[in-house]
Amino acid sequence: MTEFKLLSTTGDQSVEITPGRTLVVGRAVTSDFPIYDPTVSRRHAELTLQDGGVHVKDLGSSNGTFVNGERVAEASVHADDIITFGKVAFKLIAVAPAVPMAAPDPGGFASKPPLEATIVRQVAVEPADLDAAVNRSPSAAIAAPDEAALAESSKLQLLLDISKELSKQQDVDKLLEKVVDITFQVMSVDRVSILMLEGQSNELVPRISRNRLGEVGGSARVPQSIARRAVGERLAILTDNAATDERFGGKSIVMQSVRSAMCTPLMGSEGSVLGIIYVDNMTAVNSFGDEDLEFLIAFSGIAAVAIENSQLTERVQREAVVLSNFRRYFAPDLAEAIAGQEEAVKLGGQKRPVVVFFSDIRGFTSMSENMNPDEIATLLTEYFTEMVEIVFENGGTLDKFMGDAIMALWGAPLADKQAADRAMNAAIGMMTTLESLNQKWAQEGREQQVQIGIGINFGEVFAGNIGSDARLEYTVIGDAVNVASRLCDKAGPGEIMVSEPLYRALTSPPSVEALDPIELKGKAQAVPVYCVKR
């Protein structure tokens with residue numbers, strides 16, 4: 001059964017979901033996976049591993065559990081889905097299980113080498129002593145036969161310790177350095193190199209190469225004949241005397257004085273090759289035995305899992321940065337759609353029909369004169385939080401805040417046939433929510449009521465990313481924007497004023513009252529308007 005882990009979109013918190021255990025997520029310190037965020041309930045949700053994914057069950061949380069932006073009571077979650085507890089988001093990632101080291105068979109070779117690796121040994125050597133091969137640690141002295149169980153246990157414990165140590169590293173470059181350091185600690189080798197497959201051509205690119213003295217080497221330190229065969233045939237290679245090994249006739253081996261060498265592919269979870277680990281000894285032939293290669297195979301399996309998880313973490317963090325920037329202005333589902341478009345971050349734009357929405361607090365200046373700065377900040381934060389949430393719930397785009405005013409859009413940056421109806425629903429929702437807010441504030445002792453006016457228009461505008469290469473702002477420009485702003489200025493407390501083009505675009509118009517056409521600056525003729533009845 002595939003195992004999974006949850007990784008926060010900020011990259012600072014993760015948890016593995018393993019078979020046979022139900023994981024309780026919550027704010028309580030006694031939770032299996034504590035999340036210390038005020039939007040998370042003490043016992044928020046349960047997670048259970050199932051075939052092909054994870055079953056999530058909300059435990060009656062106050063702020064809900066969401067899967068890809070949709071609130072759920074119970075749901076099946078799959079790889080790359082986003083689970084949100086309250087307002088804390090996590091990505092579900094499939095985790096390849098660490099590959100244990102296979103026990104040697106009577107011939108000294110693993111009957112089923114890990115990671116589909118094959119041990120090749122074509123140079124004639126003396127038969128290895130079985131007891132010595134099984135019981136010695138890598139490149140170390142032979143243990144006594146009666147210590148076999150202890151030696152095997154120590155070897156497996158070492159791999160477990162290595163796995164724990166590597167799991168602490170999230171940065172890929174630091175992880176590769178740690179892999180090299182551990183290799184020198186546990187094996188008698190002169191040089192260690194890690195090469196990774198990169199680019200569309202899958203070229204082997206040196207990422208780190210070092211000798212025992214700490215000197216950094218270049219790509220020439222890895223014989224290409226060995227590297228190419230390890231990757232191309234997915235083989236774990238041990239050569240006792242590389243200079244005389246017919247399989248590797250490359251001049252680089254002779255020039256570099258390579259005597260004994262081992263090379264194993266780093267296999268990804270889907271069977272793809274991530275790269276290779278190469279080690280060699282320049283001073284003696286027959287430096288490595290079968291057990292050394294078996295150990296390197298197991299070690300490379302652990303390293304490959306850690307590297308792949310680190311790469312996933314880096315990718316999730318990059319995606320999280322992009323999405324977090326977009327989510328400041330767009331609804332979550334809209335943000336994800338935009339983030340996947342390469343053109344979304346370029347300068348320029350296009351003309352398109354858009355619904356433009358303005359709301360403004362009436363009499364805010366005089367109201368704020370009787371409030372201290374902290375009270376003003378608290379009021380606006382609570383007000384904007386609720387209003388913006390309504391914009392997002394109705395699929396809108398937050399264009400900007402202007403003092404105590406909000407500008408929002410529908411139909412940009414992605415076209416929406418229901419733009420007019422969504423904007424109208426948002427306007428009515430804001431008025432209803434504001435009534436609840438005023439009741440709450442009154443109970444808290446605030447005497448003055450907050451009232452807003454709203455203006456909505458529909459028309460063609462220029463929409464796009466405007467600014468410089470250093471700073472972009474997605475916005476709209478045009479006469480339709482000016483009309484919406486002026487309608488908002490004309491709207492009284494609690495009024496929603498809409499233009500005639502907006503009213504005609506509604507598929508389910510609310511009850512409205514036709515007002516006398518109003519004169520607007522810049523317009524040669526008076527503009528027909530409607531006031532929504534509530």
# chains A, B, ... in the order shown; residues from 1 in each chain; ligands from 1

$ residues_around --residues "Leu49 of chain A" --least-positions-apart "2" --cutoff "8 Å" --atoms "only C-alpha atoms" --output "PyMOL selection string"
chain A and resi 3-4+17-22+47+51+53-55

$ closest_atom_pairs --of "segment 470-492 of chain A" --to "segment 392-413 of chain A" --cutoff "12 Å" --atoms "only C-alpha atoms" --output "JSON lines"
{"residue": "A:Glu473", "atom": "CA", "partner": "A:Asp399", "partner_atom": "CA", "distance": 8.6}
{"residue": "A:Tyr474", "atom": "CA", "partner": "A:Asp399", "partner_atom": "CA", "distance": 7.1}
{"residue": "A:Thr475", "atom": "CA", "partner": "A:Asp399", "partner_atom": "CA", "distance": 6.0}
{"residue": "A:Val476", "atom": "CA", "partner": "A:Asp399", "partner_atom": "CA", "distance": 8.3}
{"residue": "A:Ile477", "atom": "CA", "partner": "A:Asp399", "partner_atom": "CA", "distance": 11.3}
{"residue": "A:Ala480", "atom": "CA", "partner": "A:Leu409", "partner_atom": "CA", "distance": 11.5}
{"residue": "A:Val481", "atom": "CA", "partner": "A:Met407", "partner_atom": "CA", "distance": 9.5}
{"residue": "A:Asn482", "atom": "CA", "partner": "A:Met407", "partner_atom": "CA", "distance": 11.5}
{"residue": "A:Ala484", "atom": "CA", "partner": "A:Met407", "partner_atom": "CA", "distance": 9.5}
{"residue": "A:Ser485", "atom": "CA", "partner": "A:Met407", "partner_atom": "CA", "distance": 8.7}
{"residue": "A:Cys488", "atom": "CA", "partner": "A:Ala405", "partner_atom": "CA", "distance": 9.7}
{"residue": "A:Asp489", "atom": "CA", "partner": "A:Ala405", "partner_atom": "CA", "distance": 10.6}

$ closest_residue --among "A:Met262, A:Leu204, A:Ala419, A:Val498" --to "Ser359 of chain A" --atoms "only C-alpha atoms"
A:Val498

$ closest_residue --among "A:Lys351, A:Arg191, A:Arg228, A:Lys87" --to "Val279 of chain A" --atoms "only C-alpha atoms"
A:Arg191

$ closest_residue --among "A:Ser287, A:Val231, A:Gln311, A:Ile302" --to "Val273 of chain A" --atoms "only C-alpha atoms"
A:Val231

$ residues_around --residues "segment 71-78 of chain A" --least-positions-apart "4" --cutoff "10 Å" --atoms "only C-alpha atoms" --output "number ranges by chain"
A: 4, 45-61, 63-67, 82-86, 91-94

$ write_last_selection --atoms "N, CA and C atoms" --output "mmCIF file, in the first residue's frame"
data_model
loop_
_atom_site.group_PDB
_atom_site.id
_atom_site.type_symbol
_atom_site.label_atom_id
_atom_site.label_comp_id
_atom_site.auth_asym_id
_atom_site.auth_seq_id
_atom_site.Cartn_x
_atom_site.Cartn_y
_atom_site.Cartn_z
ATOM 1 N N PHE A 4 1.616 7.947 2.383
ATOM 2 C CA PHE A 4 1.510 9.354 2.041
ATOM 3 C C PHE A 4 2.005 10.204 3.201
ATOM 4 N N ALA A 45 -9.947 16.826 12.788
ATOM 5 C CA ALA A 45 -10.248 15.833 11.759
ATOM 6 C C ALA A 45 -9.447 14.560 12.013
ATOM 7 N N GLU A 46 -9.868 13.488 11.343
ATOM 8 C CA GLU A 46 -9.164 12.211 11.392
ATOM 9 C C GLU A 46 -8.670 11.849 9.998
ATOM 10 N N LEU A 47 -7.475 11.250 9.940
ATOM 11 C CA LEU A 47 -6.895 10.804 8.679
ATOM 12 C C LEU A 47 -6.575 9.322 8.780
ATOM 13 N N THR A 48 -6.988 8.560 7.772
ATOM 14 C CA THR A 48 -6.722 7.125 7.748
ATOM 15 C C THR A 48 -6.244 6.738 6.360
ATOM 16 N N LEU A 49 -5.173 5.952 6.315
ATOM 17 C CA LEU A 49 -4.640 5.498 5.031
ATOM 18 C C LEU A 49 -5.586 4.488 4.409
ATOM 19 N N GLN A 50 -5.846 4.620 3.117
ATOM 20 C CA GLN A 50 -6.653 3.659 2.379
ATOM 21 C C GLN A 50 -5.987 3.412 1.024
ATOM 22 N N ASP A 51 -6.479 2.401 0.295
ATOM 23 C CA ASP A 51 -5.879 2.085 -1.000
ATOM 24 C C ASP A 51 -5.934 3.294 -1.917
ATOM 25 N N GLY A 52 -4.760 3.733 -2.367
ATOM 26 C CA GLY A 52 -4.697 4.810 -3.343
ATOM 27 C C GLY A 52 -4.853 6.203 -2.794
ATOM 28 N N GLY A 53 -4.962 6.340 -1.481
ATOM 29 C CA GLY A 53 -5.129 7.679 -0.933
ATOM 30 C C GLY A 53 -5.335 7.685 0.561
ATOM 31 N N VAL A 54 -5.996 8.720 1.037
ATOM 32 C CA VAL A 54 -6.226 8.914 2.469
ATOM 33 C C VAL A 54 -7.683 9.296 2.672
ATOM 34 N N HIS A 55 -8.301 8.710 3.696
ATOM 35 C CA HIS A 55 -9.674 9.062 4.049
ATOM 36 C C HIS A 55 -9.630 10.138 5.130
ATOM 37 N N VAL A 56 -10.308 11.261 4.889
ATOM 38 C CA VAL A 56 -10.342 12.349 5.849
ATOM 39 C C VAL A 56 -11.771 12.498 6.371
ATOM 40 N N LYS A 57 -11.882 12.666 7.688
ATOM 41 C CA LYS A 57 -13.190 12.809 8.326
ATOM 42 C C LYS A 57 -13.156 14.011 9.260
ATOM 43 N N ASP A 58 -14.015 14.989 9.016
ATOM 44 C CA ASP A 58 -14.102 16.152 9.888
ATOM 45 C C ASP A 58 -14.782 15.748 11.199
ATOM 46 N N LEU A 59 -14.267 16.248 12.324
ATOM 47 C CA LEU A 59 -14.797 15.881 13.646
ATOM 48 C C LEU A 59 -15.663 16.992 14.234
ATOM 49 N N GLY A 60 -16.426 17.655 13.361
ATOM 50 C CA GLY A 60 -17.303 18.727 13.835
ATOM 51 C C GLY A 60 -16.560 20.011 14.133
ATOM 52 N N SER A 61 -15.518 20.277 13.360
ATOM 53 C CA SER A 61 -14.700 21.470 13.593
ATOM 54 C C SER A 61 -15.484 22.747 13.334
ATOM 55 N N ASN A 63 -14.326 25.638 11.964
ATOM 56 C CA ASN A 63 -14.003 26.313 10.711
ATOM 57 C C ASN A 63 -13.895 25.381 9.516
ATOM 58 N N GLY A 64 -14.180 24.096 9.721
ATOM 59 C CA GLY A 64 -14.310 23.183 8.601
ATOM 60 C C GLY A 64 -13.024 22.567 8.089
ATOM 61 N N THR A 65 -13.222 21.480 7.354
ATOM 62 C CA THR A 65 -12.152 20.793 6.644
ATOM 63 C C THR A 65 -12.476 20.860 5.155
ATOM 64 N N PHE A 66 -11.473 21.207 4.342
ATOM 65 C CA PHE A 66 -11.703 21.430 2.927
ATOM 66 C C PHE A 66 -10.755 20.570 2.100
ATOM 67 N N VAL A 67 -11.261 20.049 0.982
ATOM 68 C CA VAL A 67 -10.445 19.313 0.017
ATOM 69 C C VAL A 67 -10.526 20.048 -1.312
ATOM 70 N N ILE A 82 -5.133 19.191 -2.144
ATOM 71 C CA ILE A 82 -4.881 20.135 -1.058
ATOM 72 C C ILE A 82 -5.939 19.943 0.022
ATOM 73 N N ILE A 83 -5.503 19.652 1.246
ATOM 74 C CA ILE A 83 -6.405 19.529 2.398
ATOM 75 C C ILE A 83 -6.189 20.755 3.280
ATOM 76 N N THR A 84 -7.279 21.421 3.653
ATOM 77 C CA THR A 84 -7.178 22.616 4.484
ATOM 78 C C THR A 84 -7.961 22.404 5.770
ATOM 79 N N PHE A 85 -7.276 22.542 6.903
ATOM 80 C CA PHE A 85 -7.911 22.463 8.211
ATOM 81 C C PHE A 85 -8.070 23.896 8.705
ATOM 82 N N GLY A 86 -9.315 24.373 8.810
ATOM 83 C CA GLY A 86 -9.509 25.789 9.118
ATOM 84 C C GLY A 86 -8.955 26.621 7.986
ATOM 85 N N LYS A 91 -0.533 19.813 1.406
ATOM 86 C CA LYS A 91 -0.584 19.038 0.165
ATOM 87 C C LYS A 91 -0.296 17.586 0.487
ATOM 88 N N LEU A 92 -1.094 16.676 -0.101
ATOM 89 C CA LEU A 92 -0.892 15.245 0.114
ATOM 90 C C LEU A 92 0.110 14.730 -0.917
ATOM 91 N N ILE A 93 1.177 14.117 -0.425
ATOM 92 C CA ILE A 93 2.263 13.667 -1.290
ATOM 93 C C ILE A 93 2.470 12.172 -1.094
ATOM 94 N N ALA A 94 2.552 11.437 -2.202
ATOM 95 C CA ALA A 94 2.867 10.009 -2.126
ATOM 96 C C ALA A 94 4.334 9.848 -1.742
#

$ select_by_dssp --residues "segment 291-506 of chain A" --states "helix (DSSP H, G or I)" --output "number ranges by chain"
A: 291-327, 332-339, 342-345, 364-368, 373-393, 419-443, 479-490, 500-505

$ closest_residue --among "A:Asp290, A:Glu233, A:Glu16, A:Asp173" --to "Met196 of chain A" --atoms "only C-alpha atoms"
A:Asp173

$ residues_around --residues "segment 435-440 of chain A" --least-positions-apart "6" --cutoff "9 Å" --atoms "only C-alpha atoms" --output "JSON, numbers by chain"
{"A": [382, 383, 386, 446, 448, 449, 450, 451]}

$ write_last_selection --atoms "N, CA, C and O atoms" --output "PDB file, in the first residue's frame"
ATOM      1  N   GLU A 382     -11.604  43.389  10.511  1.00  0.00           N
ATOM      2  CA  GLU A 382     -12.782  42.518  10.596  1.00  0.00           C
ATOM      3  C   GLU A 382     -13.692  42.733   9.396  1.00  0.00           C
ATOM      4  O   GLU A 382     -14.204  41.773   8.807  1.00  0.00           O
ATOM      5  N   TYR A 383     -13.884  43.990   9.022  1.00  0.00           N
ATOM      6  CA  TYR A 383     -14.773  44.313   7.902  1.00  0.00           C
ATOM      7  C   TYR A 383     -14.218  43.774   6.585  1.00  0.00           C
ATOM      8  O   TYR A 383     -14.910  43.075   5.838  1.00  0.00           O
ATOM      9  N   GLU A 386     -14.311  39.835   6.158  1.00  0.00           N
ATOM     10  CA  GLU A 386     -15.619  39.281   5.793  1.00  0.00           C
ATOM     11  C   GLU A 386     -15.999  39.653   4.365  1.00  0.00           C
ATOM     12  O   GLU A 386     -16.508  38.816   3.599  1.00  0.00           O
ATOM     13  N   ARG A 446     -19.836  49.070  20.637  1.00  0.00           N
ATOM     14  CA  ARG A 446     -19.601  50.096  19.622  1.00  0.00           C
ATOM     15  C   ARG A 446     -20.932  50.756  19.275  1.00  0.00           C
ATOM     16  O   ARG A 446     -21.886  50.089  18.862  1.00  0.00           O
ATOM     17  N   GLN A 448     -21.605  53.397  16.999  1.00  0.00           N
ATOM     18  CA  GLN A 448     -21.882  53.772  15.615  1.00  0.00           C
ATOM     19  C   GLN A 448     -22.002  52.543  14.713  1.00  0.00           C
ATOM     20  O   GLN A 448     -21.223  51.603  14.811  1.00  0.00           O
ATOM     21  N   GLN A 449     -23.017  52.577  13.841  1.00  0.00           N
ATOM     22  CA  GLN A 449     -23.218  51.518  12.870  1.00  0.00           C
ATOM     23  C   GLN A 449     -22.413  51.809  11.602  1.00  0.00           C
ATOM     24  O   GLN A 449     -22.236  52.966  11.219  1.00  0.00           O
ATOM     25  N   VAL A 450     -21.930  50.744  10.966  1.00  0.00           N
ATOM     26  CA  VAL A 450     -21.195  50.887   9.705  1.00  0.00           C
ATOM     27  C   VAL A 450     -22.155  50.652   8.551  1.00  0.00           C
ATOM     28  O   VAL A 450     -22.860  49.641   8.523  1.00  0.00           O
ATOM     29  N   GLN A 451     -22.206  51.598   7.605  1.00  0.00           N
ATOM     30  CA  GLN A 451     -23.052  51.476   6.429  1.00  0.00           C
ATOM     31  C   GLN A 451     -22.196  51.644   5.185  1.00  0.00           C
ATOM     32  O   GLN A 451     -21.235  52.424   5.184  1.00  0.00           O
TER      33      GLN A 451
END

$ select_by_dssp --residues "segment 405-434 of chain A" --states "strand (DSSP E)" --output "VMD selection string"
chain A and resid 405 to 410

$ write_last_selection --atoms "N, CA and C atoms" --output "mmCIF file, in the first residue's frame"
data_model
loop_
_atom_site.group_PDB
_atom_site.id
_atom_site.type_symbol
_atom_site.label_atom_id
_atom_site.label_comp_id
_atom_site.auth_asym_id
_atom_site.auth_seq_id
_atom_site.Cartn_x
_atom_site.Cartn_y
_atom_site.Cartn_z
ATOM 1 N N ALA A 405 -12.436 51.641 0.976
ATOM 2 C CA ALA A 405 -13.166 51.161 -0.203
ATOM 3 C C ALA A 405 -12.553 49.875 -0.731
ATOM 4 N N ILE A 406 -13.407 49.088 -1.418
ATOM 5 C CA ILE A 406 -12.986 47.838 -2.049
ATOM 6 C C ILE A 406 -13.307 47.924 -3.535
ATOM 7 N N MET A 407 -12.344 47.524 -4.367
ATOM 8 C CA MET A 407 -12.589 47.377 -5.803
ATOM 9 C C MET A 407 -12.414 45.903 -6.153
ATOM 10 N N ALA A 408 -13.425 45.343 -6.816
ATOM 11 C CA ALA A 408 -13.380 43.930 -7.190
ATOM 12 C C ALA A 408 -13.832 43.768 -8.635
ATOM 13 N N LEU A 409 -13.483 42.602 -9.208
ATOM 14 C CA LEU A 409 -13.783 42.331 -10.616
ATOM 15 C C LEU A 409 -14.401 40.957 -10.768
ATOM 16 N N TRP A 410 -15.219 40.823 -11.805
ATOM 17 C CA TRP A 410 -15.704 39.516 -12.244
ATOM 18 C C TRP A 410 -15.523 39.439 -13.756
#

$ residues_around --residues "Ala303 of chain A" --least-positions-apart "4" --cutoff "9 Å" --atoms "only C-alpha atoms" --output "ChimeraX atom specification"
/A:98,162-163,166,175-176,179,266,298-299,307-308

$ write_last_selection --atoms "C-alpha atoms" --output "PDB file, in the first residue's frame"
ATOM      1  CA  ALA A  98      12.545   3.253   2.264  1.00  0.00           C
ATOM      2  CA  ILE A 162      20.935   7.152   8.265  1.00  0.00           C
ATOM      3  CA  SER A 163      17.302   7.293   7.138  1.00  0.00           C
ATOM      4  CA  LEU A 166      18.592  12.261   5.913  1.00  0.00           C
ATOM      5  CA  LEU A 175      20.974  16.753   1.576  1.00  0.00           C
ATOM      6  CA  LEU A 176      23.521  15.735  -1.075  1.00  0.00           C
ATOM      7  CA  VAL A 179      24.879  11.857   1.806  1.00  0.00           C
ATOM      8  CA  LEU A 266      19.437   6.505  -7.438  1.00  0.00           C
ATOM      9  CA  ALA A 298      20.445  -0.046   0.384  1.00  0.00           C
ATOM     10  CA  PHE A 299      22.014   3.299   1.262  1.00  0.00           C
ATOM     11  CA  ILE A 307      16.272  13.354  -2.465  1.00  0.00           C
ATOM     12  CA  GLU A 308      12.924  12.858  -4.164  1.00  0.00           C
TER      13      GLU A 308
END

$ residues_around --residues "Cys531 of chain A" --least-positions-apart "4" --cutoff "8 Å" --atoms "only C-alpha atoms" --output "PyMOL selection string"
chain A and resi 495-498+512-515

$ closest_residue --among "A:Arg534, A:Arg42, A:Lys168, A:Arg207" --to "Ser14 of chain A" --atoms "only C-alpha atoms"
A:Lys168

$ residues_around --residues "Ala227 of chain A" --least-positions-apart "2" --cutoff "9 Å" --atoms "only C-alpha atoms" --output "number ranges by chain"
A: 195, 204, 222-225, 229-232, 263-265, 276, 278

$ atom_distance --atom1 "atom CA of Gln13 of chain A" --atom2 "atom CA of Arg43 of chain A"
17.9 Å

$ atom_distance --atom1 "atom CA of Ser62 of chain A" --atom2 "atom CA of Thr385 of chain A"
17.2 Å
